[in-house]
Amino acid sequence: MNGLEIDLPLAAELVAFCFATGAVAGLLAGLLGVGGGIVVVPSLFFVLGYAGVDASVRMQVAVATSLATIVPTSIISARAHRQRGSVDDGLLRGWVPAALAGAVLGTAFAASVKGPVLAAIFGTIALVVAFQMVAFPKGLSLRSELPGPAGSRAMAFLIGGFSSIMGIGGGTLAVPTLSLFSYPIRLAVGTASALGLYIAIPATVGMAIGGWTAKGLPPFSVGYVNLVACAVLLPTMLLCVKAGARIAHTISQPALRRVFGIVLAVVGLRMLSSVF
């Protein structure tokens, strides 16, 4: 895209697609506490390919831009869930330091590996989580309570690390992980939406710095973060995230898990097909 004439019909088509993506991502951010990244990353990946962005940086741009959009949507989603009493501040305080450390290391990895590696990781983890959510719609419980402080921090570290690598909110991994320990689904969703903010901020900064000298980036990029895509995605994401949070409190828990799993399965298969 750099240095090429702008194809106005193509540009208009891409803007329209990003607006639609933002609406769906916003709904999911509020509904599932996932920050919208589970929709934004694969959508941007294929949109950027359609627009001719170099394959060597396509996945990094999708991941970084998704992380940037998660910051404001997580704030709004977490606030909406907090108003309904579904954010566990005690768990959040215990998890944030470890999640931040994981996000920093995960971002360093994401900024340095090839795009297909990120796509393969994204697709594989999405399918694993999807299987758990669809196969066990009423929840799969390994224990009746969360592990001790060391085990809980280790979980938060891994969630922060893999979330930053995948460009997603912490909820994609935090919600099913918490469910394994009999944690209430709505409380898991609300707490995960808040956790996503603490993962997205350092990860976005890291991807901007890590891609500062990268070649083949689309115009108006700050490192791997594309400002144009952010500007198009955010309005509809912000408008729809509150609606998603309201819907989350009207859907049965098994139905919420099925929706979560089906979305992840479709996205995971699509990403893996792009690699292989």
# chains A, B, ... in the order shown; residues from 1 in each chain; ligands from 1
call {"tool": "closest_atom_pairs", "arguments": {"of": "range 168-234 of chain A", "to": "range 245-249 of chain A", "cutoff": "9 Å", "atoms": "only C-alpha atoms", "output": "JSON lines"}}
result
{"residue": "A:Arg186", "atom": "CA", "partner": "A:His249", "partner_atom": "CA", "distance": 7.5}
{"residue": "A:Val189", "atom": "CA", "partner": "A:Ala248", "partner_atom": "CA", "distance": 8.8}
{"residue": "A:Gly190", "atom": "CA", "partner": "A:Ala245", "partner_atom": "CA", "distance": 8.7}
call {"tool": "write_last_selection", "arguments": {"atoms": "C-alpha atoms", "output": "PDB file, in the first residue's frame"}}
result
ATOM      1  CA  ARG A 186     -21.117 -13.634  34.424  1.00  0.00           C
ATOM      2  CA  VAL A 189     -16.987 -12.132  31.923  1.00  0.00           C
ATOM      3  CA  GLY A 190     -17.122  -8.873  33.867  1.00  0.00           C
TER       4      GLY A 190
END
call {"tool": "select_by_dssp", "arguments": {"residues": "range 108-198 of chain A", "states": "helix (DSSP H, G or I)", "output": "ChimeraX atom specification"}}
result
/A:108-112,115-135,149-166,171-179,185-198
call {"tool": "closest_atom_pairs", "arguments": {"of": "range 94-146 of chain A", "to": "range 204-221 of chain A", "cutoff": "8 Å", "atoms": "only C-alpha atoms", "output": "Markdown table"}}
result
| residue | atom | partner | partner_atom | distance |
| --- | --- | --- | --- | --- |
| A:Val104 | CA | A:Gly206 | CA | 7.3 |
| A:Thr107 | CA | A:Gly206 | CA | 6.0 |
| A:Ala108 | CA | A:Gly206 | CA | 7.0 |
| A:Ala110 | CA | A:Met207 | CA | 7.9 |
| A:Ala111 | CA | A:Gly210 | CA | 5.4 |
| A:Ser112 | CA | A:Gly210 | CA | 7.6 |
call {"tool": "closest_residue", "arguments": {"among": "A:Ala265, A:Ala203, A:Cys240, A:Ile75", "to": "Ser164 in chain A", "atoms": "only C-alpha atoms"}}
result
A:Ala203
call {"tool": "closest_residue", "arguments": {"among": "A:Leu14, A:Leu178, A:Val225, A:Val96", "to": "Glu145 in chain A", "atoms": "only C-alpha atoms"}}
result
A:Leu178
call {"tool": "residues_around", "arguments": {"residues": "Ala20 in chain A", "least_positions_apart": "2", "cutoff": "12 Å", "atoms": "only C-alpha atoms", "output": "MDAnalysis selection string"}}
result
chainID A and resid 13:18 22:27 39:40 43:44 232:237 239:240
call {"tool": "write_last_selection", "arguments": {"atoms": "C-alpha atoms", "output": "PDB file, in the first residue's frame"}}
result
ATOM      1  CA  GLU A  13     -15.345  -1.137   0.600  1.00  0.00           C
ATOM      2  CA  LEU A  14     -12.708  -1.625   3.287  1.00  0.00           C
ATOM      3  CA  VAL A  15     -14.151   1.191   5.426  1.00  0.00           C
ATOM      4  CA  ALA A  16     -17.630  -0.352   5.222  1.00  0.00           C
ATOM      5  CA  PHE A  17     -16.272  -3.766   6.152  1.00  0.00           C
ATOM      6  CA  CYS A  18     -14.397  -2.330   9.136  1.00  0.00           C
ATOM      7  CA  GLY A  22     -16.508  -2.942  14.689  1.00  0.00           C
ATOM      8  CA  ALA A  23     -20.216  -3.434  15.387  1.00  0.00           C
ATOM      9  CA  VAL A  24     -19.871  -7.200  15.809  1.00  0.00           C
ATOM     10  CA  ALA A  25     -16.681  -6.817  17.856  1.00  0.00           C
ATOM     11  CA  GLY A  26     -18.332  -4.282  20.151  1.00  0.00           C
ATOM     12  CA  LEU A  27     -21.273  -6.563  20.815  1.00  0.00           C
ATOM     13  CA  VAL A  39     -13.345 -10.728  15.668  1.00  0.00           C
ATOM     14  CA  VAL A  40     -11.034  -7.818  14.853  1.00  0.00           C
ATOM     15  CA  SER A  43     -11.124  -9.697  10.051  1.00  0.00           C
ATOM     16  CA  LEU A  44      -8.249  -7.225   9.764  1.00  0.00           C
ATOM     17  CA  VAL A 232     -12.903   3.269  11.501  1.00  0.00           C
ATOM     18  CA  LEU A 233     -13.399   0.393  13.931  1.00  0.00           C
ATOM     19  CA  LEU A 234     -13.761   2.279  17.193  1.00  0.00           C
ATOM     20  CA  PRO A 235     -16.991   4.276  16.651  1.00  0.00           C
ATOM     21  CA  THR A 236     -19.202   1.253  16.069  1.00  0.00           C
ATOM     22  CA  MET A 237     -17.335  -0.801  18.663  1.00  0.00           C
ATOM     23  CA  LEU A 239     -21.611   2.193  20.323  1.00  0.00           C
ATOM     24  CA  CYS A 240     -22.298  -1.540  20.500  1.00  0.00           C
TER      25      CYS A 240
END
call {"tool": "residues_around", "arguments": {"residues": "range 165-171 of chain A", "least_positions_apart": "2", "cutoff": "6 Å", "atoms": "only C-alpha atoms", "output": "list of chain:residue names"}}
result
A:Gly33, A:Val34, A:Gly35, A:Gly37, A:Ile38, A:Val63, A:Ser66, A:Leu67, A:Gly106, A:Thr107, A:Ala110, A:Phe122, A:Phe162, A:Ser163, A:Leu173, A:Ala174, A:Val175, A:Ala192, A:Gly196
call {"tool": "decode", "arguments": {"residues": "range 190-206 of chain A", "atoms": "C-alpha atoms", "output": "PDB file, in the first residue's frame"}}
result
ATOM      1  CA  GLY A 190     -17.122  -8.873  33.867  1.00  0.00           C
ATOM      2  CA  THR A 191     -13.749  -9.359  35.559  1.00  0.00           C
ATOM      3  CA  ALA A 192     -12.145 -10.438  32.281  1.00  0.00           C
ATOM      4  CA  SER A 193     -13.363  -7.278  30.552  1.00  0.00           C
ATOM      5  CA  ALA A 194     -11.482  -5.213  33.137  1.00  0.00           C
ATOM      6  CA  LEU A 195      -8.380  -7.410  32.919  1.00  0.00           C
ATOM      7  CA  GLY A 196      -8.259  -6.813  29.156  1.00  0.00           C
ATOM      8  CA  LEU A 197      -7.416  -3.159  29.728  1.00  0.00           C
ATOM      9  CA  TYR A 198      -4.282  -4.003  31.716  1.00  0.00           C
ATOM     10  CA  ILE A 199      -3.147  -6.389  28.986  1.00  0.00           C
ATOM     11  CA  ALA A 200      -3.955  -4.151  26.030  1.00  0.00           C
ATOM     12  CA  ILE A 201      -2.165  -0.970  27.151  1.00  0.00           C
ATOM     13  CA  PRO A 202       1.399  -2.364  27.500  1.00  0.00           C
ATOM     14  CA  ALA A 203       0.873  -4.676  24.524  1.00  0.00           C
ATOM     15  CA  THR A 204      -0.211  -1.803  22.258  1.00  0.00           C
ATOM     16  CA  VAL A 205       2.770   0.316  23.280  1.00  0.00           C
ATOM     17  CA  GLY A 206       5.094  -2.640  22.764  1.00  0.00           C
TER      18      GLY A 206
END
